[in-house]
Amino acid sequence: MAMAADTADVRRERPPISTRLDWGHALRSLRRLLRDKEDTRQVFEIMRALNGASTAKGYHRLLAAPQGGRIAYEREEFAQRLMDDAWLDSLPAGSVGAAYRDFIRSENLSAEGLAMISREGAEVVEEAHPYAWFGRRTRDVHDIWHILSGYGRDGLGEACLVAFSYAQTKGLGWALIALGAVSRARKDRKHPYVKAIWQGYRRGKAARWLLGEDYVRLMAEPLEAARRRLNITPPTVYDSIPPEARDRAVPQR
């Protein structure tokens, strides 16, 4: 009954995110992103323009998932936990969390840094609404998906993870970025860039729904065991491409 009431309240209250598709804004942001893959703000602009409906659907899917009702009820702001160095340092060697910890520190990343970019020009990001919370949760686990999927932060790795993310979330913003990456990757036939991106989508589709996971528990789980449990297969095509060639998958104009 509590879950039903929670869902009903969400439907009556006007959500902070729009489900209207703004293709013009999304395409302008995509052009900027393809010119500079480090311009992360454009990713969030695209998501806001196209992903509203998928965020709402994802929240209601979470309510029906095992442990999902509890996770939604608690509404933990996961970015705060990911910024807790003591907690990260407590995670066992070989775990998902240990790999994440090494990844963000070697890449000089932080969950709060990503959150700050997502807030630029969008006050609704921090609203106290279940849909906004679910959007923040999706944002905060992005780098954990890098770890689980095995994709790096090079141009090809990001493109593959975008395709993986579309399969997981059904957000049209992810689909648009993936198609943009494919359109650029086709220009270089020396390596199977497009095949790697397509494999990213298929891997995401075959995996369990990652947004339904309890990430506090997942972070302490051995990485390879977590991948097996979640049916995340190896990124064989991506791995076959030399690291020095992966950034050329999404060339600038």
# chains A, B, ... in the order shown; residues from 1 in each chain; ligands from 1
>>> residues_around(residues="Asp102 in chain A", least_positions_apart="4", cutoff="12 Å", atoms="only C-alpha atoms", output="PDB file with N, CA and C atoms, in the first residue's frame")
ATOM      1  N   ASP A  85      35.864   9.370   1.155  1.00  0.00           N
ATOM      2  CA  ASP A  85      37.124   8.653   0.939  1.00  0.00           C
ATOM      3  C   ASP A  85      37.313   7.511   1.931  1.00  0.00           C
ATOM      4  N   LEU A  88      35.280   4.611   0.630  1.00  0.00           N
ATOM      5  CA  LEU A  88      35.925   4.029  -0.542  1.00  0.00           C
ATOM      6  C   LEU A  88      37.156   3.226  -0.146  1.00  0.00           C
ATOM      7  N   ASP A  89      37.943   3.759   0.776  1.00  0.00           N
ATOM      8  CA  ASP A  89      39.161   3.066   1.191  1.00  0.00           C
ATOM      9  C   ASP A  89      38.859   1.786   1.972  1.00  0.00           C
ATOM     10  N   LEU A  91      36.647  -0.430   1.118  1.00  0.00           N
ATOM     11  CA  LEU A  91      36.165  -1.474   0.212  1.00  0.00           C
ATOM     12  C   LEU A  91      37.304  -2.451  -0.095  1.00  0.00           C
ATOM     13  N   ALA A  93      39.996  -5.190  -1.621  1.00  0.00           N
ATOM     14  CA  ALA A  93      40.754  -5.323  -2.867  1.00  0.00           C
ATOM     15  C   ALA A  93      40.028  -6.279  -3.815  1.00  0.00           C
ATOM     16  N   GLY A  94      40.031  -5.950  -5.095  1.00  0.00           N
ATOM     17  CA  GLY A  94      39.371  -6.793  -6.084  1.00  0.00           C
ATOM     18  C   GLY A  94      37.892  -6.555  -6.238  1.00  0.00           C
ATOM     19  N   SER A  95      37.338  -5.647  -5.425  1.00  0.00           N
ATOM     20  CA  SER A  95      35.901  -5.380  -5.485  1.00  0.00           C
ATOM     21  C   SER A  95      35.576  -4.342  -6.561  1.00  0.00           C
ATOM     22  N   VAL A  96      34.290  -4.218  -6.853  1.00  0.00           N
ATOM     23  CA  VAL A  96      33.820  -3.178  -7.771  1.00  0.00           C
ATOM     24  C   VAL A  96      34.240  -1.808  -7.245  1.00  0.00           C
ATOM     25  N   GLY A  97      34.057  -1.600  -5.945  1.00  0.00           N
ATOM     26  CA  GLY A  97      34.381  -0.305  -5.354  1.00  0.00           C
ATOM     27  C   GLY A  97      35.855   0.008  -5.385  1.00  0.00           C
ATOM     28  N   ALA A  98      36.715  -1.002  -5.181  1.00  0.00           N
ATOM     29  CA  ALA A  98      38.153  -0.771  -5.239  1.00  0.00           C
ATOM     30  C   ALA A  98      38.574  -0.373  -6.649  1.00  0.00           C
ATOM     31  N   SER A 106      42.921   7.808 -10.512  1.00  0.00           N
ATOM     32  CA  SER A 106      43.891   7.855 -11.610  1.00  0.00           C
ATOM     33  C   SER A 106      43.462   8.830 -12.697  1.00  0.00           C
ATOM     34  N   GLU A 107      42.144   9.009 -12.861  1.00  0.00           N
ATOM     35  CA  GLU A 107      41.611   9.907 -13.891  1.00  0.00           C
ATOM     36  C   GLU A 107      41.315  11.303 -13.339  1.00  0.00           C
ATOM     37  N   ASN A 108      41.552  11.497 -12.042  1.00  0.00           N
ATOM     38  CA  ASN A 108      41.287  12.782 -11.380  1.00  0.00           C
ATOM     39  C   ASN A 108      39.823  13.185 -11.541  1.00  0.00           C
ATOM     40  N   LEU A 109      38.933  12.250 -11.228  1.00  0.00           N
ATOM     41  CA  LEU A 109      37.498  12.469 -11.331  1.00  0.00           C
ATOM     42  C   LEU A 109      36.881  12.493  -9.937  1.00  0.00           C
ATOM     43  N   SER A 110      35.642  12.958  -9.869  1.00  0.00           N
ATOM     44  CA  SER A 110      34.887  12.876  -8.621  1.00  0.00           C
ATOM     45  C   SER A 110      33.400  12.899  -8.928  1.00  0.00           C
ATOM     46  N   ASP A 143      30.200   6.365 -13.699  1.00  0.00           N
ATOM     47  CA  ASP A 143      31.578   5.887 -13.653  1.00  0.00           C
ATOM     48  C   ASP A 143      31.667   4.459 -13.115  1.00  0.00           C
ATOM     49  N   ILE A 144      30.684   4.043 -12.329  1.00  0.00           N
ATOM     50  CA  ILE A 144      30.644   2.645 -11.909  1.00  0.00           C
ATOM     51  C   ILE A 144      30.346   1.762 -13.112  1.00  0.00           C
ATOM     52  N   ILE A 147      33.392   0.861 -14.912  1.00  0.00           N
ATOM     53  CA  ILE A 147      34.087  -0.263 -14.288  1.00  0.00           C
ATOM     54  C   ILE A 147      33.426  -1.585 -14.657  1.00  0.00           C
TER      55      ILE A 147
END
>>> residues_around(residues="Ala167 in chain A", least_positions_apart="3", cutoff="12 Å", atoms="only C-alpha atoms", output="list in words")
Ser54, Cys160, Leu161, Val162, Ala163, Phe164, Lys170, Gly171, Leu172, Gly173, Trp174, Ala175, Ala178, Ile197, Trp198, Gln199, Gly200, Tyr201, Arg202, Arg203, Gly204, Lys205, Ala206, Ala207, Arg208, Trp209, Leu210 and Leu211 of chain A
>>> closest_atom_pairs(of="range 49-162 of chain A", to="range 26-44 of chain A", cutoff="10 Å", atoms="only C-alpha atoms", output="JSON lines")
{"residue": "A:Ala49", "atom": "CA", "partner": "A:Ala26", "partner_atom": "CA", "distance": 5.7}
{"residue": "A:Leu50", "atom": "CA", "partner": "A:Ala26", "partner_atom": "CA", "distance": 7.2}
{"residue": "A:Asn51", "atom": "CA", "partner": "A:Phe44", "partner_atom": "CA", "distance": 9.7}
{"residue": "A:Leu114", "atom": "CA", "partner": "A:Thr40", "partner_atom": "CA", "distance": 8.3}
{"residue": "A:Met116", "atom": "CA", "partner": "A:Arg41", "partner_atom": "CA", "distance": 9.5}
{"residue": "A:Ile117", "atom": "CA", "partner": "A:Arg41", "partner_atom": "CA", "distance": 5.8}
{"residue": "A:Ser118", "atom": "CA", "partner": "A:Phe44", "partner_atom": "CA", "distance": 5.9}
{"residue": "A:Arg119", "atom": "CA", "partner": "A:Phe44", "partner_atom": "CA", "distance": 8.9}
{"residue": "A:Glu120", "atom": "CA", "partner": "A:Arg41", "partner_atom": "CA", "distance": 7.6}
{"residue": "A:Gly121", "atom": "CA", "partner": "A:Arg41", "partner_atom": "CA", "distance": 9.7}
{"residue": "A:Ala122", "atom": "CA", "partner": "A:Phe44", "partner_atom": "CA", "distance": 9.5}
{"residue": "A:Arg139", "atom": "CA", "partner": "A:Phe44", "partner_atom": "CA", "distance": 9.2}
{"residue": "A:Arg153", "atom": "CA", "partner": "A:Glu38", "partner_atom": "CA", "distance": 9.7}
{"residue": "A:Asp154", "atom": "CA", "partner": "A:Lys37", "partner_atom": "CA", "distance": 8.9}
{"residue": "A:Gly155", "atom": "CA", "partner": "A:Lys37", "partner_atom": "CA", "distance": 7.0}
{"residue": "A:Glu158", "atom": "CA", "partner": "A:Lys37", "partner_atom": "CA", "distance": 8.7}
{"residue": "A:Ala159", "atom": "CA", "partner": "A:Lys37", "partner_atom": "CA", "distance": 9.7}
>>> closest_residue(among="A:Leu148, A:Ala196, A:Ile46, A:Ala185", to="Leu230 in chain A", atoms="only C-alpha atoms")
A:Leu148
>>> atom_distance(atom1="CA of Gly157 in chain A", atom2="CA of Asp140 in chain A")
17.9 Å
>>> closest_residue(among="A:Asp22, A:Asp247, A:Asp239, A:Asp214", to="Arg75 in chain A", atoms="only C-alpha atoms")
A:Asp214
>>> select_by_dssp(residues="range 38-130 of chain A", states="alpha helix (DSSP H)", output="PyMOL selection string")
chain A and resi 40-50+52-64+68-74+78-82+85-90+96-106+111-119+130
>>> atom_distance(atom1="CA of Arg217 in chain A", atom2="CA of Asn231 in chain A")
17.1 Å
